[in-house]
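Chemist: Sending over coords.cif (mmCIF, C-alpha atoms (C1' of nucleotides)).
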data_structure
loop_
_atom_site.label_atom_id
_atom_site.label_comp_id
_atom_site.auth_asym_id
_atom_site.auth_seq_id
_atom_site.Cartn_x
_atom_site.Cartn_y
_atom_site.Cartn_z
CA MET A 1 -21.81 7.46 -8.67
CA PRO A 2 -23.39 9.66 -6.11
CA GLU A 3 -21.10 11.18 -3.53
CA VAL A 4 -21.79 14.22 -1.40
CA LEU A 5 -21.77 16.67 -4.33
CA GLU A 6 -24.39 14.71 -6.23
CA ILE A 7 -26.55 14.18 -3.15
CA GLU A 8 -26.44 17.92 -2.52
CA SER A 9 -27.80 18.47 -6.03
CA TYR A 10 -30.53 15.94 -5.30
CA ARG A 11 -31.34 17.88 -2.14
CA ARG A 12 -31.73 21.09 -4.09
CA LEU A 13 -34.12 19.29 -6.41
CA ALA A 14 -36.05 17.94 -3.44
CA GLU A 15 -36.37 21.49 -2.06
CA ARG A 16 -39.07 21.99 -4.66
CA VAL A 17 -41.46 19.66 -2.85
CA VAL A 18 -41.25 21.48 0.47
CA GLY A 19 -44.82 22.31 1.40
CA ALA A 20 -46.29 19.47 -0.65
CA ARG A 21 -48.41 16.77 0.95
CA VAL A 22 -47.79 13.10 0.22
CA SER A 23 -50.76 11.26 -1.21
CA ARG A 24 -49.02 7.95 -1.68
CA GLY A 25 -45.62 6.34 -1.41
CA TRP A 26 -44.09 3.05 -2.45
CA ALA A 27 -40.81 1.16 -2.11
CA ASP A 28 -39.84 -2.25 -3.42
CA GLU A 29 -38.47 -4.92 -1.11
CA TYR A 30 -34.84 -3.97 -1.79
CA ALA A 31 -35.30 -0.25 -1.27
CA ALA A 32 -37.17 -1.00 1.94
CA LYS A 33 -34.50 -3.32 3.28
CA LYS A 34 -33.63 -1.08 6.20
CA LEU A 35 -37.26 -0.77 7.29
CA THR A 36 -39.11 -3.06 9.68
CA ALA A 37 -41.28 -4.23 6.78
CA PRO A 38 -41.50 -3.50 3.02
CA SER A 39 -44.95 -2.01 3.54
CA ALA A 40 -43.77 0.42 6.22
CA TRP A 41 -42.87 3.16 3.73
CA ALA A 42 -46.29 3.26 2.08
CA ARG A 43 -48.04 3.08 5.42
CA VAL A 44 -46.02 5.82 7.09
CA VAL A 45 -45.62 8.44 4.36
CA ALA A 46 -49.25 8.92 3.32
CA GLY A 47 -50.55 12.27 4.53
CA LEU A 48 -47.17 13.71 5.55
CA THR A 49 -46.26 17.23 4.47
CA ILE A 50 -42.63 17.89 3.56
CA THR A 51 -41.42 20.77 5.72
CA ALA A 52 -37.71 20.96 4.88
CA THR A 53 -34.83 19.12 3.25
CA ASP A 54 -31.49 18.29 4.81
CA ARG A 55 -28.46 16.20 4.07
CA ARG A 56 -25.73 14.49 6.03
CA GLY A 57 -23.01 13.14 3.81
CA LYS A 58 -24.67 10.91 1.25
CA LEU A 59 -27.93 10.68 3.18
CA LEU A 60 -30.73 12.90 1.84
CA VAL A 61 -33.18 13.86 4.56
CA LEU A 62 -36.79 14.97 4.12
CA GLN A 63 -38.25 16.59 7.20
CA THR A 64 -42.01 16.33 7.52
CA ASP A 65 -44.74 17.27 9.96
CA GLY A 66 -44.38 13.74 11.31
CA VAL A 67 -41.50 11.28 11.01
CA THR A 68 -38.20 12.08 9.29
CA LEU A 69 -37.71 10.42 5.90
CA ALA A 70 -34.35 9.71 4.28
CA LEU A 71 -33.04 8.41 0.97
CA ARG A 72 -29.78 6.64 0.09
CA PHE A 73 -28.69 6.21 -3.49
CA GLY A 74 -26.10 3.45 -3.47
CA MET A 75 -23.75 3.43 -6.43
CA THR A 76 -26.12 4.23 -9.28
CA GLY A 77 -29.15 5.93 -7.77
CA VAL A 78 -30.56 9.23 -9.04
CA LEU A 79 -33.38 11.37 -7.70
CA LEU A 80 -36.02 12.41 -10.21
CA LEU A 81 -38.81 14.96 -9.83
CA ASP A 82 -41.46 14.31 -12.48
CA GLY A 83 -38.79 12.63 -14.56
CA GLU A 84 -36.33 15.50 -14.27
CA ALA A 85 -32.92 14.61 -12.88
CA GLY A 86 -31.18 16.51 -10.11
CA LEU A 87 -28.11 16.56 -12.33
CA GLU A 88 -27.10 15.85 -15.89
CA GLY A 89 -27.52 12.15 -16.46
CA LEU A 90 -25.34 9.36 -15.18
CA PHE A 91 -21.61 9.19 -15.55
CA TYR A 92 -21.40 5.59 -14.47
CA GLY A 93 -23.89 3.16 -15.95
CA PRO A 94 -26.58 3.82 -18.51
CA HIS A 95 -27.60 7.37 -19.30
CA GLU A 96 -31.19 6.44 -19.65
CA TYR A 97 -34.47 6.29 -17.84
CA ARG A 98 -36.34 3.05 -17.44
CA SER A 99 -39.55 2.84 -15.47
CA ASP A 100 -38.63 -0.58 -14.09
CA TRP A 101 -35.57 1.00 -12.47
CA VAL A 102 -37.76 3.20 -10.31
CA ARG A 103 -37.35 1.56 -6.91
CA ALA A 104 -39.16 3.89 -4.52
CA GLY A 105 -40.93 7.19 -4.46
CA LEU A 106 -43.48 9.67 -3.20
CA GLU A 107 -46.52 11.03 -4.98
CA PHE A 108 -47.95 14.34 -3.89
CA GLU A 109 -51.47 15.69 -3.78
CA ASP A 110 -50.48 18.35 -6.30
CA GLY A 111 -49.74 15.60 -8.82
CA ARG A 112 -45.96 15.68 -8.73
CA SER A 113 -43.77 12.70 -7.91
CA LEU A 114 -40.31 12.32 -6.46
CA VAL A 115 -38.67 8.99 -7.24
CA VAL A 116 -35.45 7.05 -6.76
CA HIS A 117 -34.18 5.63 -10.05
CA ASP A 118 -31.52 2.94 -9.62
CA PRO A 119 -30.44 0.33 -12.21
CA ARG A 120 -28.87 -1.71 -9.44
CA ARG A 121 -30.73 -2.29 -6.25
CA LEU A 122 -28.51 -0.62 -3.72
CA ALA A 123 -30.61 2.48 -3.03
CA ARG A 124 -32.54 2.54 0.25
CA VAL A 125 -35.30 4.48 1.96
CA GLU A 126 -35.22 5.09 5.70
CA ILE A 127 -37.60 6.33 8.37
CA ASP A 128 -36.21 8.32 11.31
CA PRO A 129 -32.58 7.66 10.36
CA ASP A 130 -29.88 7.57 13.00
CA LEU A 131 -27.70 10.56 12.14
CA ASP A 132 -25.34 9.82 15.01
CA GLU A 133 -23.78 7.08 12.90
CA LEU A 134 -22.46 9.71 10.52
CA GLY A 135 -19.45 11.96 11.01
CA VAL A 136 -18.99 15.61 10.09
CA ASP A 137 -20.48 16.55 6.77
CA ALA A 138 -17.87 16.83 4.03
CA LEU A 139 -19.28 20.16 2.81
CA ALA A 140 -19.00 21.72 6.25
CA MET A 141 -15.52 20.58 7.19
CA SER A 142 -13.47 22.86 9.44
CA ARG A 143 -9.77 22.29 10.04
CA SER A 144 -10.34 21.27 13.64
CA ALA A 145 -13.11 18.84 12.68
CA PHE A 146 -10.83 17.44 10.00
CA ASP A 147 -8.02 16.82 12.47
CA ALA A 148 -10.42 15.17 14.88
CA ALA A 149 -11.80 12.97 12.11
CA LEU A 150 -8.33 11.83 11.06
CA GLY A 151 -7.55 10.87 14.64
CA ALA A 152 -4.40 10.58 16.68
CA ARG A 153 -0.85 10.11 15.47
CA GLY A 154 0.50 6.60 15.41
CA GLU A 155 -0.52 4.02 12.85
CA GLY A 156 -4.14 3.45 11.93
CA PRO A 157 -5.69 2.41 8.63
CA ALA A 158 -4.67 3.75 5.23
CA ILE A 159 -5.58 7.44 4.85
CA LYS A 160 -7.81 6.55 1.92
CA ALA A 161 -9.81 4.13 4.09
CA ARG A 162 -10.23 6.78 6.75
CA LEU A 163 -11.46 9.35 4.25
CA LEU A 164 -14.11 6.83 3.18
CA ASP A 165 -15.20 6.07 6.74
CA GLN A 166 -18.66 7.63 6.89
CA SER A 167 -18.71 7.60 10.68
CA ARG A 168 -15.69 9.95 10.62
CA ILE A 169 -16.37 12.09 7.56
CA ALA A 170 -19.77 11.84 5.91
CA GLY A 171 -19.95 12.21 2.16
CA VAL A 172 -16.52 11.40 0.71
CA GLY A 173 -16.75 8.55 -1.80
CA ASN A 174 -14.16 6.80 -3.91
CA LEU A 175 -13.66 9.47 -6.56
CA LEU A 176 -13.50 12.41 -4.18
CA ALA A 177 -11.04 10.55 -1.97
CA ASP A 178 -8.74 9.77 -4.89
CA GLU A 179 -8.96 13.35 -6.14
CA MET A 180 -8.03 15.02 -2.87
CA LEU A 181 -5.12 12.63 -2.30
CA PHE A 182 -3.98 13.29 -5.86
CA ARG A 183 -4.10 17.03 -5.27
CA ALA A 184 -2.34 16.76 -1.93
CA GLY A 185 0.36 14.49 -3.34
CA ILE A 186 -0.19 11.81 -0.72
CA ASP A 187 0.13 8.05 -1.14
CA PRO A 188 -3.34 6.66 -0.35
CA ARG A 189 -1.76 3.69 1.46
CA THR A 190 -0.10 5.87 4.10
CA PRO A 191 -1.30 4.95 7.61
CA VAL A 192 -3.37 7.94 8.72
CA GLY A 193 -1.44 8.32 11.95
CA ARG A 194 1.82 8.69 10.08
CA LEU A 195 0.85 11.81 8.15
CA ASP A 196 3.00 14.67 9.36
CA SER A 197 1.74 18.21 9.99
CA ALA A 198 2.61 19.41 6.52
CA GLN A 199 0.74 16.50 4.94
CA ARG A 200 -2.31 17.08 7.12
CA THR A 201 -2.35 20.72 6.15
CA ALA A 202 -1.94 19.88 2.47
CA LEU A 203 -4.71 17.31 2.66
CA TYR A 204 -7.12 19.66 4.37
CA ARG A 205 -6.44 22.27 1.72
CA ALA A 206 -6.94 19.70 -1.04
CA PHE A 207 -10.12 18.54 0.67
CA THR A 208 -11.78 21.94 0.64
CA GLN A 209 -10.48 22.75 -2.84
CA THR A 210 -11.81 19.45 -4.16
CA MET A 211 -15.27 20.13 -2.75
CA ARG A 212 -15.37 23.68 -4.06
CA THR A 213 -13.85 23.05 -7.48
CA LEU A 214 -15.65 19.83 -8.34
CA GLY A 215 -18.86 21.26 -6.97
CA ARG A 216 -18.50 24.15 -9.39
CA ARG A 217 -17.55 21.86 -12.28
CA GLY A 218 -20.55 19.61 -11.75
CA GLY A 219 -19.70 16.57 -9.69
CA SER A 220 -17.39 13.91 -8.29
CA HIS A 221 -16.39 12.71 -11.74
CA THR A 222 -14.90 16.08 -12.81
CA GLY A 223 -11.65 15.76 -10.88
CA ASP A 224 -8.21 16.45 -12.36
CA HIS A 225 -7.10 12.82 -11.99
CA MET A 226 -10.08 11.43 -13.90
CA VAL A 227 -8.43 11.67 -17.32
CA SER A 228 -5.96 9.02 -16.14
CA ARG A 229 -8.44 6.73 -14.45
CA PHE A 230 -7.95 3.74 -16.70
CA PRO A 231 -5.35 0.95 -16.91
CA GLY A 232 -2.16 2.38 -18.37
CA GLY A 233 -3.12 5.98 -17.63
CA LEU A 234 -0.43 8.59 -17.11
CA CYS A 235 -0.54 11.33 -14.48
CA PRO A 236 -1.76 14.61 -16.02
CA ARG A 237 0.52 16.52 -13.66
CA ASP A 238 3.91 14.84 -14.19
CA GLY A 239 3.41 12.03 -16.69
CA GLY A 240 4.12 9.34 -14.11
CA ALA A 241 2.44 5.96 -14.39
CA MET A 242 -0.83 5.77 -12.49
CA ARG A 243 -1.03 2.81 -10.15
CA ILE A 244 -4.21 0.83 -9.55
CA GLU A 245 -4.73 -0.86 -6.19
CA THR A 246 -7.58 -1.84 -3.94
CA ILE A 247 -7.40 0.31 -0.82
CA GLY A 248 -10.13 0.61 1.76
CA GLY A 249 -12.04 -1.88 -0.32
CA ARG A 250 -12.21 0.43 -3.34
CA THR A 251 -10.39 0.65 -6.63
CA THR A 252 -7.76 3.34 -6.16
CA TYR A 253 -5.82 5.28 -8.80
CA PHE A 254 -2.75 7.22 -7.72
CA CYS A 255 0.40 8.62 -9.27
CA SER A 256 3.59 6.64 -8.76
CA VAL A 257 5.63 9.84 -8.92
CA HIS A 258 4.01 12.62 -6.93
CA GLN A 259 1.88 10.62 -4.46
CA ARG A 260 4.48 9.26 -2.08
"C1'" DA B 261 -15.42 -11.81 -17.94
"C1'" DG B 262 -14.60 -8.65 -14.70
"C1'" DA B 263 -15.21 -4.55 -12.54
"C1'" DA B 264 -18.16 -0.83 -10.81
"C1'" DA B 265 -18.59 5.79 -7.91
"C1'" DG B 266 -22.06 2.47 -1.67
"C1'" DC B 267 -22.89 0.02 2.28
"C1'" DC B 268 -23.41 -3.96 5.40
"C1'" DT B 269 -21.84 -8.01 7.78
"C1'" DC B 270 -18.61 -11.14 9.29
"C1'" DG B 271 -14.43 -12.87 11.05
"C1'" DG B 272 -9.62 -12.34 12.46
"C1'" DC B 273 -6.54 -9.97 15.19
"C1'" DC B 274 -4.94 -7.07 18.93
"C1'" DG B 275 -4.85 -5.22 23.45
"C1'" DC B 276 -6.66 -4.91 27.97
"C1'" DT C 277 -9.59 -17.12 28.37
"C1'" DG C 278 -13.00 -13.35 27.40
"C1'" DC C 279 -14.49 -9.34 25.22
"C1'" DG C 280 -14.73 -5.17 22.69
"C1'" DG C 281 -12.93 -2.43 19.08
"C1'" DC C 282 -10.69 -1.98 14.85
"C1'" DC C 283 -9.98 -3.19 10.25
"C1'" DG C 284 -9.91 -5.74 5.95
"C1'" DA C 285 -12.37 -9.02 3.02
"C1'" DG C 286 -16.33 -10.30 0.89
"C1'" DG C 287 -21.18 -10.00 -0.46
"C1'" DC C 288 -25.05 -7.63 -2.22
"C1'" DT C 289 -27.06 -6.22 -7.10
"C1'" DT C 290 -27.23 -5.34 -12.07
"C1'" DT C 291 -25.17 -3.50 -15.85
"C1'" DC C 292 -21.92 -2.61 -19.52
#
Is it possible to give me this structure as structure tokens?
Modeler:
Amino acid sequence: MPEVLEIESYRRLAERVVGARVSRGWADEYAAKKLTAPSAWARVVAGLTITATDRRGKLLVLQTDGVTLALRFGMTGVLLLDGEAGLEGLFYGPHEYRSDWVRAGLEFEDGRSLVVHDPRRLARVEIDPDLDELGVDALAMSRSAFDAALGARGEGPAIKARLLDQSRIAGVGNLLADEMLFRAGIDPRTPVGRLDSAQRTALYRAFTQTMRTLGRRGGSHTGDHMVSRFPGGLCPRDGGAMRIETIGGRTTYFCSVHQR
DNA sequence: AGAAAGCCTCGGCCGC
DNA sequence: TGCGGCCGAGGCTTTC
């Protein structure tokens, strides 16, 4: 579920613990998979004071007076502060809280706790993350950065795959990618290098509109194409049949009429 | 039963 | 033939 819009809402929630000092932290073996050892999280976080929050794409960053901490949420992860969600429930998966789905967290000296709740086990904690692996943040995308991220003319992978490439553009997930291509009227299978100037312009416009509009509406799942995101769905714009294909490794919905 | 909104690894292919 | 980079496929994990 979480794409850049959701992670940004988690970041705003995490802002509330700026200034708080960590008394204790924990992470299970899955959440700690990117660390040198499962115990590293607990060992490192104790005594740190959160000084600021940050975000790069889908990576939530907690600056401290020592190391930098970071959280990833996988497909179903949610950030909770004392049991309160950073957004309204889960669109995908169960809309419920279960204590055994709490995979990692921080407790503070003031008694509060910030935890990662994830029914599946794809969420991760990180210490001193390498931000160089991530491209330009999707919520701070200029036209020139967008052109650079798309790359040169020629062939290249499907435009959808490139939009999902976190080392190029950080934060676009499956739903946001489908929505912006839907709005721009572009076939997601088009090799990125074959988009002409008009298509690039249309896609950039759709990109920024998608971020702004869906951000205002409340998340990645509020896109215009979502009403047709099921087998047999019809395009809400022109009534065309929606196609379903795997592109860039993800299930892709696109209109057979206006996305060509 | 099959698919799921993220990410990582692996292996094949291409070009130098 | 060798190697790096690019890219797609598949796996992880659990749930509904």
Chemist: Just the residues within 7 Å of range 263-272 of chain B, please, counting only C-alpha atoms (C1' of nucleotides), with nothing from its chain fewer than 2 positions along; format it as a ChimeraX atom specification.
Modeler: /A:1-2,74-75,173-175
Chemist: Quick check, in Å to one decimal: how far apart do CA of Lys160 in chain A and CA of Pro188 in chain A lie?
Modeler: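 According to the coordinates, CA of Lys160 in chain A and CA of Pro188 in chain A are separated by 5.0 Å.
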Chemist: Evaluating the PyMOL selection byres ((chain A) within 10 of (chain C)) on the displayed file yields which residues, as an mmCIF file with C-alpha atoms, in the frame of the given file?
Modeler:
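result18.cif, written as the output of this step:
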data_model
loop_
_atom_site.group_PDB
_atom_site.id
_atom_site.type_symbol
_atom_site.label_atom_id
_atom_site.label_comp_id
_atom_site.auth_asym_id
_atom_site.auth_seq_id
_atom_site.Cartn_x
_atom_site.Cartn_y
_atom_site.Cartn_z
ATOM 1 C CA TYR A 30 -34.840 -3.970 -1.790
ATOM 2 C CA TYR A 92 -21.400 5.590 -14.470
ATOM 3 C CA GLY A 93 -23.890 3.160 -15.950
ATOM 4 C CA PRO A 94 -26.580 3.820 -18.510
ATOM 5 C CA ASP A 118 -31.520 2.940 -9.620
ATOM 6 C CA PRO A 119 -30.440 0.330 -12.210
ATOM 7 C CA ARG A 120 -28.870 -1.710 -9.440
ATOM 8 C CA ARG A 121 -30.730 -2.290 -6.250
ATOM 9 C CA LEU A 122 -28.510 -0.620 -3.720
ATOM 10 C CA GLY A 156 -4.140 3.450 11.930
ATOM 11 C CA PRO A 157 -5.690 2.410 8.630
ATOM 12 C CA ALA A 161 -9.810 4.130 4.090
ATOM 13 C CA ILE A 247 -7.400 0.310 -0.820
ATOM 14 C CA GLY A 248 -10.130 0.610 1.760
ATOM 15 C CA GLY A 249 -12.040 -1.880 -0.320
#
Chemist: When the cut-off is 12 Å and we count all atoms listed in the file, which residues of chain A are near chain B, given as a PyMOL selection string?
Modeler: chain A and resi 1-6+33-34+58-59+72-77+90-93+120-124+164-166+171-178+219-222+226+230+246+249-252
Chemist: CA of Gly185 in chain A and CA of Ala202 in chain A, how far apart in Å?
Modeler: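 Rounded to one decimal, the two atoms are 8.3 Å apart.
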Chemist: Given the PyMOL selection byres ((chain A and resi 113) around 12) and the file above, list the residues it selects as a PyMOL selection string.
Modeler: chain A and resi 13-14+16-17+20-26+79-84+102+104-112+114-116
Chemist: May I have the residues within 8 Å of Thr49 in chain A as a list of chain:residue names, using only C-alpha atoms (C1' of nucleotides) and disregarding those fewer than 2 positions away in the same chain?
Modeler: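 Contacts, with the query itself left out: A:Val18, A:Gly19, A:Ala20, A:Arg21, A:Val22, A:Gly47, A:Thr51, A:Thr64, A:Asp65, A:Gly66.
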Chemist: CA of Leu214 in chain A and CA of Glu179 in chain A are how many Å apart?
Modeler: 9.6 Å
Chemist: At most 7 Å from (-3.2, 16.3, -16.5), file frame, only C-alpha atoms (C1' of nucleotides): which residues, as a PDB file with C-alpha atoms, keeping the file's coordinate frame?
Modeler:
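Result went into selection-v8.pdb, see below:
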ATOM      1  CA  ASP A 224      -8.210  16.450 -12.360  1.00  0.00           C
ATOM      2  CA  HIS A 225      -7.100  12.820 -11.990  1.00  0.00           C
ATOM      3  CA  CYS A 235      -0.540  11.330 -14.480  1.00  0.00           C
ATOM      4  CA  PRO A 236      -1.760  14.610 -16.020  1.00  0.00           C
ATOM      5  CA  ARG A 237       0.520  16.520 -13.660  1.00  0.00           C
TER       6      ARG A 237
END
Chemist: Emit as AutoDock Vina command-line options the padded axis-aligned box for all listed atoms of range 272-276 of chain B, 3 Å per side, with centre and edge lengths in Å to one decimal.
Modeler:
--center_x -7.2 --center_y -8.6 --center_z 20.2 --size_x 10.8 --size_y 13.4 --size_z 21.5
